[in-house]
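Trainee: The following block contains the structure, expressed as structure tokens.
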Amino acid sequence: MASTDRRRLHFVGSLPQFDDATSAFRWQQQELKGLVRRLSGGETGPRLQWFVPLVKAIKALPQMRTLQDGEWTGYDDTDRLAVKRGGRLAAGDIPMRLAEYAREELAALDALGTPAIAALPLQIGVPGYLDMALFIFGPVGVFRHARAFRDATAEQIAAVHHAAGDAVVFQLEVPAALIAVVSAPRPLRPSLARLMAWLVTKQVAKAPEGSRFGVHLCLGDLGHRALKTPTTADPQVQLANALVRRWPRGRHLEFIHLPLSGGDEPPSTSAGYYRPLRRLRVPPTVPVVAGIAHEDQSATDQRAVRVLVEEALGHPADIATACGLGRRTPQQATRAVASMRALLDD
């Protein structure tokens with residue numbers, strides 16, 4: 001983002017304070033007019049649980065067997081599945097509904113008289129194919145089923161792009177990649193970041209030319225707890241830089257969201273945490289979204305954190321929370337939005 005560009009708000013996805021996409025859109029277009037670059041339908045209803053509805057649908061497939069039942073309230077409370085002996089999981093078996101949700105949200109914007117356009121597009125959250133394979137089937141799923149999830153996701157992205165073109169931006173949501181880099185010993189982080197970037201951008205490369213993407217790096221938020229809490233922003237920077245270097249030609253990178261806190265933990269007020277942001281190599285035309293807004297941190301500390309982030313970056317950053325708001329109550333989500341808005345102005 002050019003240093004002269006003013007900050008904007010970014011909503012990672014879920015907005016539990018709204019009952020439907022129409023209400024979420026109306027709020028963004030009226031109360032937040034001019035403050036957002038993209039519109040989110042809020043992933044309302046069951047979609048507040050990220051891809052859990054998809055897990056439940058896959059669980060019901062005849063070739064599946066259940067290893068563990070879960071309600072997805074935390075990292076130890078998840079479904080774990082396996083394919084029955086002699087069965088297989090193909091891309092056509094995976095009941096993804098991204099295109100269906102996109103059609104509904106595009107229609108909602110049309111009904112409001114404010115159709116999605118290139119200058120104010122609809123943002124569509126896309127769970128990472130590695131994440132779906134890993135979280136549903138465990139580590140073996142990455143080797144056995146990742147391609148099926150990648151191909152199923154590619155079909156959905158192509159369908160949406162065919163219908164809406166540059167009026168949509170796909171937000172890739174990739175906690176597995178960032179958690180892998182965070183978990184690695186420091187000397188191995190660059191190599192692992194390159195590997196994760198290669199895997200993540202395989203999805204982007206399968207998208208139609210001209211597709212628009214943003215990347216939401218994620219530390220996890222099940223039960224409103226981060227899966228990992230890095231001690232510095234180095235892992236986020238390592239992965240972001242590797243993604244930029246490998247970004248496929250002909251697909252537009254619209255933003256990179258960096259989670260700089262996680263779950264119920266507010267961001268650090270230590271300058272050392274943010275020092276690695278000096279090494280971030282995102283093109284100046286691509287907004288960096290700082291995931292720093294947190295309703296449980298004082299306004300003074302929140303502003304101090306923003307100053308530390310932008311001093312390290314050398315330019316203003318867009319403002320977001322570390323993850324979507326779906327694991328917050330509607331009241332907490334409203335407070336989180338207030339924290340975001342308070343960080344817009346100097």
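Just so we're on the same page: first chain in the structure tokens is A, next is B, and so on; residues restart at 1 for each chain, and ligands are numbered from 1 in the order they show up.
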Please provide the set of residues having any atom within 9 Å of A:Ser40, restricted to only C-alpha atoms, with same-chain residues fewer than 6 positions apart removed, written as an MDAnalysis selection string.
Mentor: chainID A and resid 10:15 21 24:25 28 105 121:125
Trainee: Take the residues just selected and output them with N, CA and C atoms as a CSV table (one decimal), in the first residue's frame.
Mentor:
```csv
chain,number,residue,atom,x,y,z
A,10,HIS,N,-10.5,-4.2,7.3
A,10,HIS,CA,-10.6,-5.5,6.6
A,10,HIS,C,-11.3,-6.5,7.5
A,11,PHE,N,-12.4,-7.1,7.0
A,11,PHE,CA,-13.1,-8.1,7.8
A,11,PHE,C,-12.7,-9.5,7.3
A,12,VAL,N,-12.1,-10.3,8.1
A,12,VAL,CA,-11.5,-11.6,7.7
A,12,VAL,C,-12.6,-12.5,7.2
A,13,GLY,N,-13.8,-12.3,7.7
A,13,GLY,CA,-14.9,-13.1,7.2
A,13,GLY,C,-16.2,-13.1,8.1
A,14,SER,N,-16.2,-13.9,9.1
A,14,SER,CA,-17.4,-14.1,9.9
A,14,SER,C,-17.8,-12.9,10.7
A,15,LEU,N,-19.1,-12.5,10.7
A,15,LEU,CA,-19.6,-11.4,11.5
A,15,LEU,C,-20.8,-11.9,12.2
A,21,ALA,N,-26.5,-12.1,5.2
A,21,ALA,CA,-25.6,-11.3,4.4
A,21,ALA,C,-26.1,-9.9,4.1
A,24,ALA,N,-25.4,-7.6,6.8
A,24,ALA,CA,-23.9,-7.3,6.9
A,24,ALA,C,-23.5,-6.3,5.8
A,25,PHE,N,-24.1,-6.5,4.6
A,25,PHE,CA,-23.7,-5.6,3.4
A,25,PHE,C,-24.3,-4.2,3.7
A,28,GLN,N,-22.0,-2.4,6.1
A,28,GLN,CA,-20.8,-1.9,5.5
A,28,GLN,C,-20.9,-0.8,4.6
A,105,GLU,N,-24.8,-14.3,-2.3
A,105,GLU,CA,-24.3,-13.0,-1.8
A,105,GLU,C,-24.3,-12.0,-2.9
A,121,PRO,N,-15.4,-5.0,-4.5
A,121,PRO,CA,-15.8,-6.4,-4.8
A,121,PRO,C,-16.3,-7.1,-3.6
A,122,LEU,N,-16.9,-8.3,-3.9
A,122,LEU,CA,-17.3,-9.2,-2.9
A,122,LEU,C,-16.1,-10.1,-2.5
A,123,GLN,N,-15.9,-10.2,-1.2
A,123,GLN,CA,-14.8,-11.1,-0.7
A,123,GLN,C,-15.4,-12.4,-0.4
A,124,ILE,N,-14.8,-13.5,-0.9
A,124,ILE,CA,-15.2,-14.8,-0.6
A,124,ILE,C,-14.1,-15.6,0.1
A,125,GLY,N,-14.4,-16.1,1.3
A,125,GLY,CA,-13.4,-16.9,2.0
A,125,GLY,C,-13.3,-18.3,1.4
```
Trainee: Among the residues of stretch 87-289 of chain A, find those DSSP assigns to alpha helix (DSSP H) from the backbone and print them as a short mmCIF file (atom, residue, chain, number, x, y, z; two decimals) with N, CA and C atoms, in the first residue's frame.
Mentor:
```cif
data_model
loop_
_atom_site.label_atom_id
_atom_site.label_comp_id
_atom_site.auth_asym_id
_atom_site.auth_seq_id
_atom_site.Cartn_x
_atom_site.Cartn_y
_atom_site.Cartn_z
N LEU A 98 -18.99 -23.14 -2.12
CA LEU A 98 -18.49 -21.79 -2.28
C LEU A 98 -19.22 -21.04 -3.39
N ALA A 99 -19.45 -21.71 -4.51
CA ALA A 99 -20.13 -21.05 -5.62
C ALA A 99 -21.57 -20.73 -5.27
N GLU A 100 -22.23 -21.63 -4.56
CA GLU A 100 -23.61 -21.38 -4.13
C GLU A 100 -23.68 -20.17 -3.20
N TYR A 101 -22.78 -20.13 -2.22
CA TYR A 101 -22.77 -18.99 -1.30
C TYR A 101 -22.47 -17.70 -2.06
N ALA A 102 -21.54 -17.76 -3.00
CA ALA A 102 -21.19 -16.56 -3.76
C ALA A 102 -22.39 -16.06 -4.57
N ARG A 103 -23.12 -16.97 -5.20
CA ARG A 103 -24.31 -16.56 -5.97
C ARG A 103 -25.33 -15.89 -5.06
N GLU A 104 -25.53 -16.46 -3.86
CA GLU A 104 -26.49 -15.86 -2.93
C GLU A 104 -26.06 -14.46 -2.52
N GLU A 105 -24.78 -14.28 -2.25
CA GLU A 105 -24.31 -12.97 -1.78
C GLU A 105 -24.28 -11.95 -2.92
N LEU A 106 -23.92 -12.39 -4.11
CA LEU A 106 -23.99 -11.49 -5.26
C LEU A 106 -25.43 -11.05 -5.52
N ALA A 107 -26.38 -11.98 -5.36
CA ALA A 107 -27.79 -11.64 -5.54
C ALA A 107 -28.26 -10.68 -4.46
N ALA A 108 -27.77 -10.87 -3.23
CA ALA A 108 -28.15 -9.96 -2.15
C ALA A 108 -27.66 -8.55 -2.44
N LEU A 109 -26.45 -8.41 -2.96
CA LEU A 109 -25.94 -7.09 -3.32
C LEU A 109 -26.75 -6.48 -4.46
N ASP A 110 -27.11 -7.30 -5.44
CA ASP A 110 -27.95 -6.81 -6.54
C ASP A 110 -29.29 -6.30 -6.01
N ALA A 111 -29.88 -7.06 -5.07
CA ALA A 111 -31.18 -6.68 -4.53
C ALA A 111 -31.11 -5.36 -3.76
N TYR A 129 -6.83 -25.86 0.92
CA TYR A 129 -7.03 -27.28 0.65
C TYR A 129 -6.20 -28.15 1.58
N LEU A 130 -5.00 -27.68 1.93
CA LEU A 130 -4.17 -28.43 2.88
C LEU A 130 -4.85 -28.49 4.24
N ASP A 131 -5.46 -27.39 4.63
CA ASP A 131 -6.11 -27.32 5.94
C ASP A 131 -7.29 -28.28 6.02
N MET A 132 -8.09 -28.32 4.96
CA MET A 132 -9.22 -29.23 4.97
C MET A 132 -8.75 -30.69 5.04
N ALA A 133 -7.78 -31.04 4.23
CA ALA A 133 -7.27 -32.41 4.24
C ALA A 133 -6.66 -32.77 5.59
N LEU A 134 -5.91 -31.84 6.17
CA LEU A 134 -5.22 -32.11 7.43
C LEU A 134 -6.18 -32.19 8.60
N PHE A 135 -7.07 -31.20 8.72
CA PHE A 135 -7.93 -31.14 9.89
C PHE A 135 -9.02 -32.21 9.89
N ILE A 136 -9.37 -32.72 8.70
CA ILE A 136 -10.40 -33.75 8.63
C ILE A 136 -9.80 -35.15 8.73
N PHE A 137 -8.66 -35.36 8.07
CA PHE A 137 -8.11 -36.71 7.97
C PHE A 137 -6.79 -36.89 8.70
N PRO A 139 -2.61 -36.04 9.49
CA PRO A 139 -1.44 -35.89 8.61
C PRO A 139 -1.50 -36.75 7.36
N VAL A 140 -2.08 -37.95 7.46
CA VAL A 140 -2.17 -38.81 6.28
C VAL A 140 -3.04 -38.18 5.21
N GLY A 141 -3.96 -37.33 5.62
CA GLY A 141 -4.85 -36.69 4.66
C GLY A 141 -4.13 -35.77 3.70
N VAL A 142 -3.03 -35.16 4.16
CA VAL A 142 -2.27 -34.26 3.28
C VAL A 142 -1.73 -35.04 2.08
N PHE A 143 -1.32 -36.27 2.30
CA PHE A 143 -0.75 -37.08 1.23
C PHE A 143 -1.82 -37.76 0.39
N ARG A 144 -2.90 -38.18 1.02
CA ARG A 144 -3.91 -38.97 0.31
C ARG A 144 -5.03 -38.15 -0.31
N ALA A 146 -5.23 -34.32 -0.30
CA ALA A 146 -5.06 -32.89 -0.57
C ALA A 146 -5.41 -32.54 -2.02
N ARG A 147 -5.03 -33.40 -2.95
CA ARG A 147 -5.31 -33.08 -4.35
C ARG A 147 -6.81 -33.03 -4.62
N ALA A 148 -7.58 -33.92 -4.00
CA ALA A 148 -9.03 -33.90 -4.20
C ALA A 148 -9.62 -32.58 -3.71
N PHE A 149 -9.15 -32.12 -2.54
CA PHE A 149 -9.65 -30.85 -2.02
C PHE A 149 -9.20 -29.68 -2.90
N ARG A 150 -7.97 -29.74 -3.39
CA ARG A 150 -7.48 -28.67 -4.26
C ARG A 150 -8.30 -28.59 -5.54
N ASP A 151 -8.59 -29.75 -6.13
CA ASP A 151 -9.34 -29.77 -7.38
C ASP A 151 -10.80 -29.34 -7.16
N ALA A 152 -11.39 -29.78 -6.05
CA ALA A 152 -12.77 -29.37 -5.75
C ALA A 152 -12.85 -27.86 -5.54
N THR A 153 -11.87 -27.32 -4.84
CA THR A 153 -11.84 -25.87 -4.60
C THR A 153 -11.63 -25.12 -5.90
N ALA A 154 -10.76 -25.64 -6.76
CA ALA A 154 -10.50 -24.99 -8.05
C ALA A 154 -11.77 -24.92 -8.89
N GLU A 155 -12.57 -25.97 -8.86
CA GLU A 155 -13.81 -25.96 -9.63
C GLU A 155 -14.75 -24.87 -9.12
N GLN A 156 -14.82 -24.71 -7.80
CA GLN A 156 -15.68 -23.68 -7.23
C GLN A 156 -15.18 -22.28 -7.58
N ILE A 157 -13.88 -22.07 -7.48
CA ILE A 157 -13.31 -20.76 -7.80
C ILE A 157 -13.57 -20.43 -9.26
N ALA A 158 -13.37 -21.40 -10.15
CA ALA A 158 -13.59 -21.16 -11.57
C ALA A 158 -15.04 -20.80 -11.85
N ALA A 159 -15.96 -21.48 -11.18
CA ALA A 159 -17.39 -21.19 -11.40
C ALA A 159 -17.73 -19.77 -10.96
N VAL A 160 -17.20 -19.35 -9.82
CA VAL A 160 -17.48 -18.00 -9.34
C VAL A 160 -16.84 -16.96 -10.25
N HIS A 161 -15.60 -17.20 -10.64
CA HIS A 161 -14.92 -16.24 -11.52
C HIS A 161 -15.64 -16.12 -12.85
N HIS A 162 -16.13 -17.24 -13.37
CA HIS A 162 -16.86 -17.21 -14.64
C HIS A 162 -18.11 -16.34 -14.52
N ALA A 163 -18.76 -16.39 -13.35
CA ALA A 163 -20.00 -15.65 -13.16
C ALA A 163 -19.77 -14.19 -12.84
N ALA A 164 -18.70 -13.89 -12.08
CA ALA A 164 -18.55 -12.53 -11.53
C ALA A 164 -17.26 -11.83 -11.93
N PRO A 175 -4.24 -21.51 7.81
CA PRO A 175 -3.57 -21.69 9.10
C PRO A 175 -2.51 -22.78 9.10
N ALA A 176 -2.73 -23.88 8.37
CA ALA A 176 -1.76 -24.98 8.42
C ALA A 176 -0.38 -24.52 7.98
N ALA A 177 -0.32 -23.70 6.94
CA ALA A 177 0.97 -23.23 6.44
C ALA A 177 1.69 -22.38 7.47
N LEU A 178 0.97 -21.45 8.11
CA LEU A 178 1.62 -20.59 9.09
C LEU A 178 1.99 -21.36 10.34
N ILE A 179 1.13 -22.25 10.80
CA ILE A 179 1.44 -23.05 12.00
C ILE A 179 2.69 -23.88 11.76
N ALA A 180 2.84 -24.42 10.55
CA ALA A 180 4.04 -25.21 10.24
C ALA A 180 5.29 -24.36 10.36
N VAL A 181 5.24 -23.13 9.86
CA VAL A 181 6.41 -22.25 9.93
C VAL A 181 6.68 -21.83 11.37
N VAL A 182 5.63 -21.50 12.11
CA VAL A 182 5.78 -21.11 13.52
C VAL A 182 6.43 -22.25 14.32
N SER A 183 6.03 -23.48 14.02
CA SER A 183 6.47 -24.64 14.80
C SER A 183 7.90 -25.05 14.47
N ARG A 189 13.02 -22.29 9.32
CA ARG A 189 11.84 -21.53 8.90
C ARG A 189 11.89 -21.09 7.44
N PRO A 190 13.00 -20.56 6.94
CA PRO A 190 13.00 -20.14 5.54
C PRO A 190 12.68 -21.29 4.58
N SER A 191 13.27 -22.46 4.81
CA SER A 191 13.01 -23.60 3.93
C SER A 191 11.56 -24.05 4.02
N LEU A 192 11.04 -24.10 5.24
CA LEU A 192 9.65 -24.53 5.40
C LEU A 192 8.69 -23.49 4.82
N ALA A 193 9.03 -22.21 4.96
CA ALA A 193 8.19 -21.16 4.37
C ALA A 193 8.13 -21.31 2.86
N ARG A 194 9.25 -21.62 2.25
CA ARG A 194 9.27 -21.82 0.79
C ARG A 194 8.41 -23.02 0.40
N LEU A 195 8.50 -24.11 1.17
CA LEU A 195 7.69 -25.29 0.87
C LEU A 195 6.21 -24.98 1.01
N MET A 196 5.84 -24.32 2.09
CA MET A 196 4.43 -23.99 2.30
C MET A 196 3.91 -23.03 1.23
N ALA A 197 4.73 -22.08 0.83
CA ALA A 197 4.32 -21.15 -0.22
C ALA A 197 4.11 -21.89 -1.54
N TRP A 198 4.96 -22.84 -1.84
CA TRP A 198 4.80 -23.63 -3.06
C TRP A 198 3.48 -24.40 -3.04
N LEU A 199 3.16 -24.98 -1.88
CA LEU A 199 1.92 -25.74 -1.78
C LEU A 199 0.69 -24.83 -1.85
N VAL A 200 0.72 -23.72 -1.14
CA VAL A 200 -0.42 -22.80 -1.12
C VAL A 200 -0.69 -22.24 -2.51
N THR A 201 0.37 -21.82 -3.20
CA THR A 201 0.17 -21.18 -4.50
C THR A 201 -0.22 -22.17 -5.60
N LYS A 202 -0.14 -23.46 -5.33
CA LYS A 202 -0.69 -24.44 -6.28
C LYS A 202 -2.18 -24.18 -6.50
N GLN A 203 -2.89 -23.80 -5.43
CA GLN A 203 -4.31 -23.48 -5.56
C GLN A 203 -4.51 -22.25 -6.42
N VAL A 204 -3.70 -21.23 -6.21
CA VAL A 204 -3.83 -19.99 -6.98
C VAL A 204 -3.55 -20.25 -8.46
N ALA A 205 -2.54 -21.07 -8.73
CA ALA A 205 -2.16 -21.34 -10.11
C ALA A 205 -3.26 -22.05 -10.89
N ASP A 234 8.39 -12.94 13.03
CA ASP A 234 9.27 -13.54 12.03
C ASP A 234 8.57 -14.61 11.19
N PRO A 235 7.82 -15.57 11.79
CA PRO A 235 7.18 -16.58 10.94
C PRO A 235 6.20 -15.99 9.93
N GLN A 236 5.43 -14.99 10.35
CA GLN A 236 4.48 -14.37 9.44
C GLN A 236 5.22 -13.72 8.26
N VAL A 237 6.33 -13.05 8.57
CA VAL A 237 7.11 -12.38 7.53
C VAL A 237 7.76 -13.40 6.60
N GLN A 238 8.30 -14.47 7.16
CA GLN A 238 8.94 -15.49 6.33
C GLN A 238 7.95 -16.07 5.32
N LEU A 239 6.75 -16.41 5.79
CA LEU A 239 5.77 -17.01 4.90
C LEU A 239 5.22 -16.00 3.90
N ALA A 240 4.94 -14.79 4.35
CA ALA A 240 4.43 -13.76 3.43
C ALA A 240 5.43 -13.49 2.31
N ASN A 241 6.70 -13.35 2.64
CA ASN A 241 7.71 -13.10 1.62
C ASN A 241 7.81 -14.26 0.63
N ALA A 242 7.74 -15.49 1.15
CA ALA A 242 7.82 -16.66 0.27
C ALA A 242 6.62 -16.72 -0.66
N LEU A 243 5.44 -16.35 -0.17
CA LEU A 243 4.24 -16.33 -1.02
C LEU A 243 4.38 -15.29 -2.13
N VAL A 244 4.86 -14.12 -1.79
CA VAL A 244 5.03 -13.07 -2.80
C VAL A 244 6.00 -13.52 -3.88
N ARG A 245 7.10 -14.16 -3.48
CA ARG A 245 8.09 -14.61 -4.46
C ARG A 245 7.52 -15.67 -5.40
N ARG A 246 6.61 -16.53 -4.92
CA ARG A 246 6.09 -17.62 -5.73
C ARG A 246 4.74 -17.29 -6.38
N ALA A 271 8.25 -3.71 21.18
CA ALA A 271 8.74 -3.33 19.85
C ALA A 271 9.46 -4.48 19.18
N GLY A 272 10.11 -5.33 19.98
CA GLY A 272 10.86 -6.44 19.40
C GLY A 272 9.99 -7.42 18.64
N TYR A 273 8.74 -7.57 19.05
CA TYR A 273 7.85 -8.50 18.37
C TYR A 273 7.68 -8.10 16.90
N TYR A 274 7.59 -6.81 16.65
CA TYR A 274 7.25 -6.31 15.32
C TYR A 274 8.48 -5.98 14.46
#
```
Trainee: Please identify every residue of stretch 39-116 of chain A that has at least one atom no farther than 9 Å from an atom of stretch 310-328 of chain A, counting only C-alpha atoms, and for each give the shortest atom pair and the distance in Å to one decimal, arranged by chain then increasing number, as JSON lines.
Mentor:
```
{"residue": "A:Gly42", "atom": "CA", "partner": "A:Gly326", "partner_atom": "CA", "distance": 8.9}
{"residue": "A:Glu43", "atom": "CA", "partner": "A:Gly326", "partner_atom": "CA", "distance": 8.4}
{"residue": "A:Thr44", "atom": "CA", "partner": "A:Gly326", "partner_atom": "CA", "distance": 8.5}
{"residue": "A:Arg47", "atom": "CA", "partner": "A:Gly326", "partner_atom": "CA", "distance": 8.6}
{"residue": "A:Leu48", "atom": "CA", "partner": "A:Gly326", "partner_atom": "CA", "distance": 4.9}
{"residue": "A:Gln49", "atom": "CA", "partner": "A:Gly326", "partner_atom": "CA", "distance": 6.7}
{"residue": "A:Trp50", "atom": "CA", "partner": "A:Gly326", "partner_atom": "CA", "distance": 8.1}
```
Trainee: Env of stretch 51-65 of chain A: 6 Å cut, atoms = only C-alpha atoms, seq-sep filter 3 positions within chain, self excluded. Answer as a PyMOL selection string.
Mentor: chain A and resi 81-84+87
Trainee: Just write the chosen residues, all heavy atoms, as a JSON list (two decimals), in the first residue's frame.
Mentor:
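Resulting contents of part.json:
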```
[["chain", "number", "residue", "atom", "x", "y", "z"],
["A", 81, "LEU", "N", -11.87, -38.27, 10.38],
["A", 81, "LEU", "CA", -12.46, -39.24, 9.47],
["A", 81, "LEU", "C", -11.38, -40.04, 8.75],
["A", 81, "LEU", "O", -10.21, -39.67, 8.73],
["A", 81, "LEU", "CB", -13.33, -38.52, 8.43],
["A", 81, "LEU", "CG", -14.39, -37.55, 8.96],
["A", 81, "LEU", "CD1", -15.15, -36.93, 7.79],
["A", 81, "LEU", "CD2", -15.35, -38.24, 9.91],
["A", 82, "ALA", "N", -11.81, -41.13, 8.14],
["A", 82, "ALA", "CA", -10.96, -41.94, 7.28],
["A", 82, "ALA", "C", -11.84, -42.52, 6.18],
["A", 82, "ALA", "O", -13.05, -42.67, 6.34],
["A", 82, "ALA", "CB", -10.27, -43.05, 8.07],
["A", 83, "VAL", "N", -11.20, -42.84, 5.06],
["A", 83, "VAL", "CA", -11.92, -43.50, 3.97],
["A", 83, "VAL", "C", -11.93, -45.00, 4.22],
["A", 83, "VAL", "O", -10.91, -45.59, 4.60],
["A", 83, "VAL", "CB", -11.26, -43.19, 2.62],
["A", 83, "VAL", "CG1", -11.96, -43.94, 1.49],
["A", 83, "VAL", "CG2", -11.28, -41.68, 2.35],
["A", 84, "LYS", "N", -13.09, -45.60, 4.05],
["A", 84, "LYS", "CA", -13.20, -47.04, 4.25],
["A", 84, "LYS", "C", -12.30, -47.80, 3.28],
["A", 84, "LYS", "O", -11.99, -47.33, 2.19],
["A", 84, "LYS", "CB", -14.66, -47.48, 4.05],
["A", 84, "LYS", "CG", -15.62, -46.96, 5.10],
["A", 84, "LYS", "CD", -17.05, -47.39, 4.77],
["A", 84, "LYS", "CE", -18.05, -46.84, 5.80],
["A", 84, "LYS", "NZ", -19.44, -47.20, 5.43],
["A", 87, "GLY", "N", -12.47, -47.77, -0.60],
["A", 87, "GLY", "CA", -13.12, -46.55, -1.05],
["A", 87, "GLY", "C", -12.12, -45.49, -1.47],
["A", 87, "GLY", "O", -10.91, -45.66, -1.33]]
```
Trainee: Would you mind writing down, as a ChimeraX atom specification, each residue of stretch 11-111 of chain A that DSSP on the backbone assigns to strand (DSSP E or B)?
Mentor: /A:36,39-40,64-68,80-83
Trainee: Nearest to A:Val169: which of A:Leu39, A:Trp72, A:Pro276, A:Leu112 is it, counting only C-alpha atoms?
Mentor: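 Under the stated criterion, the closest residue is A:Leu39.
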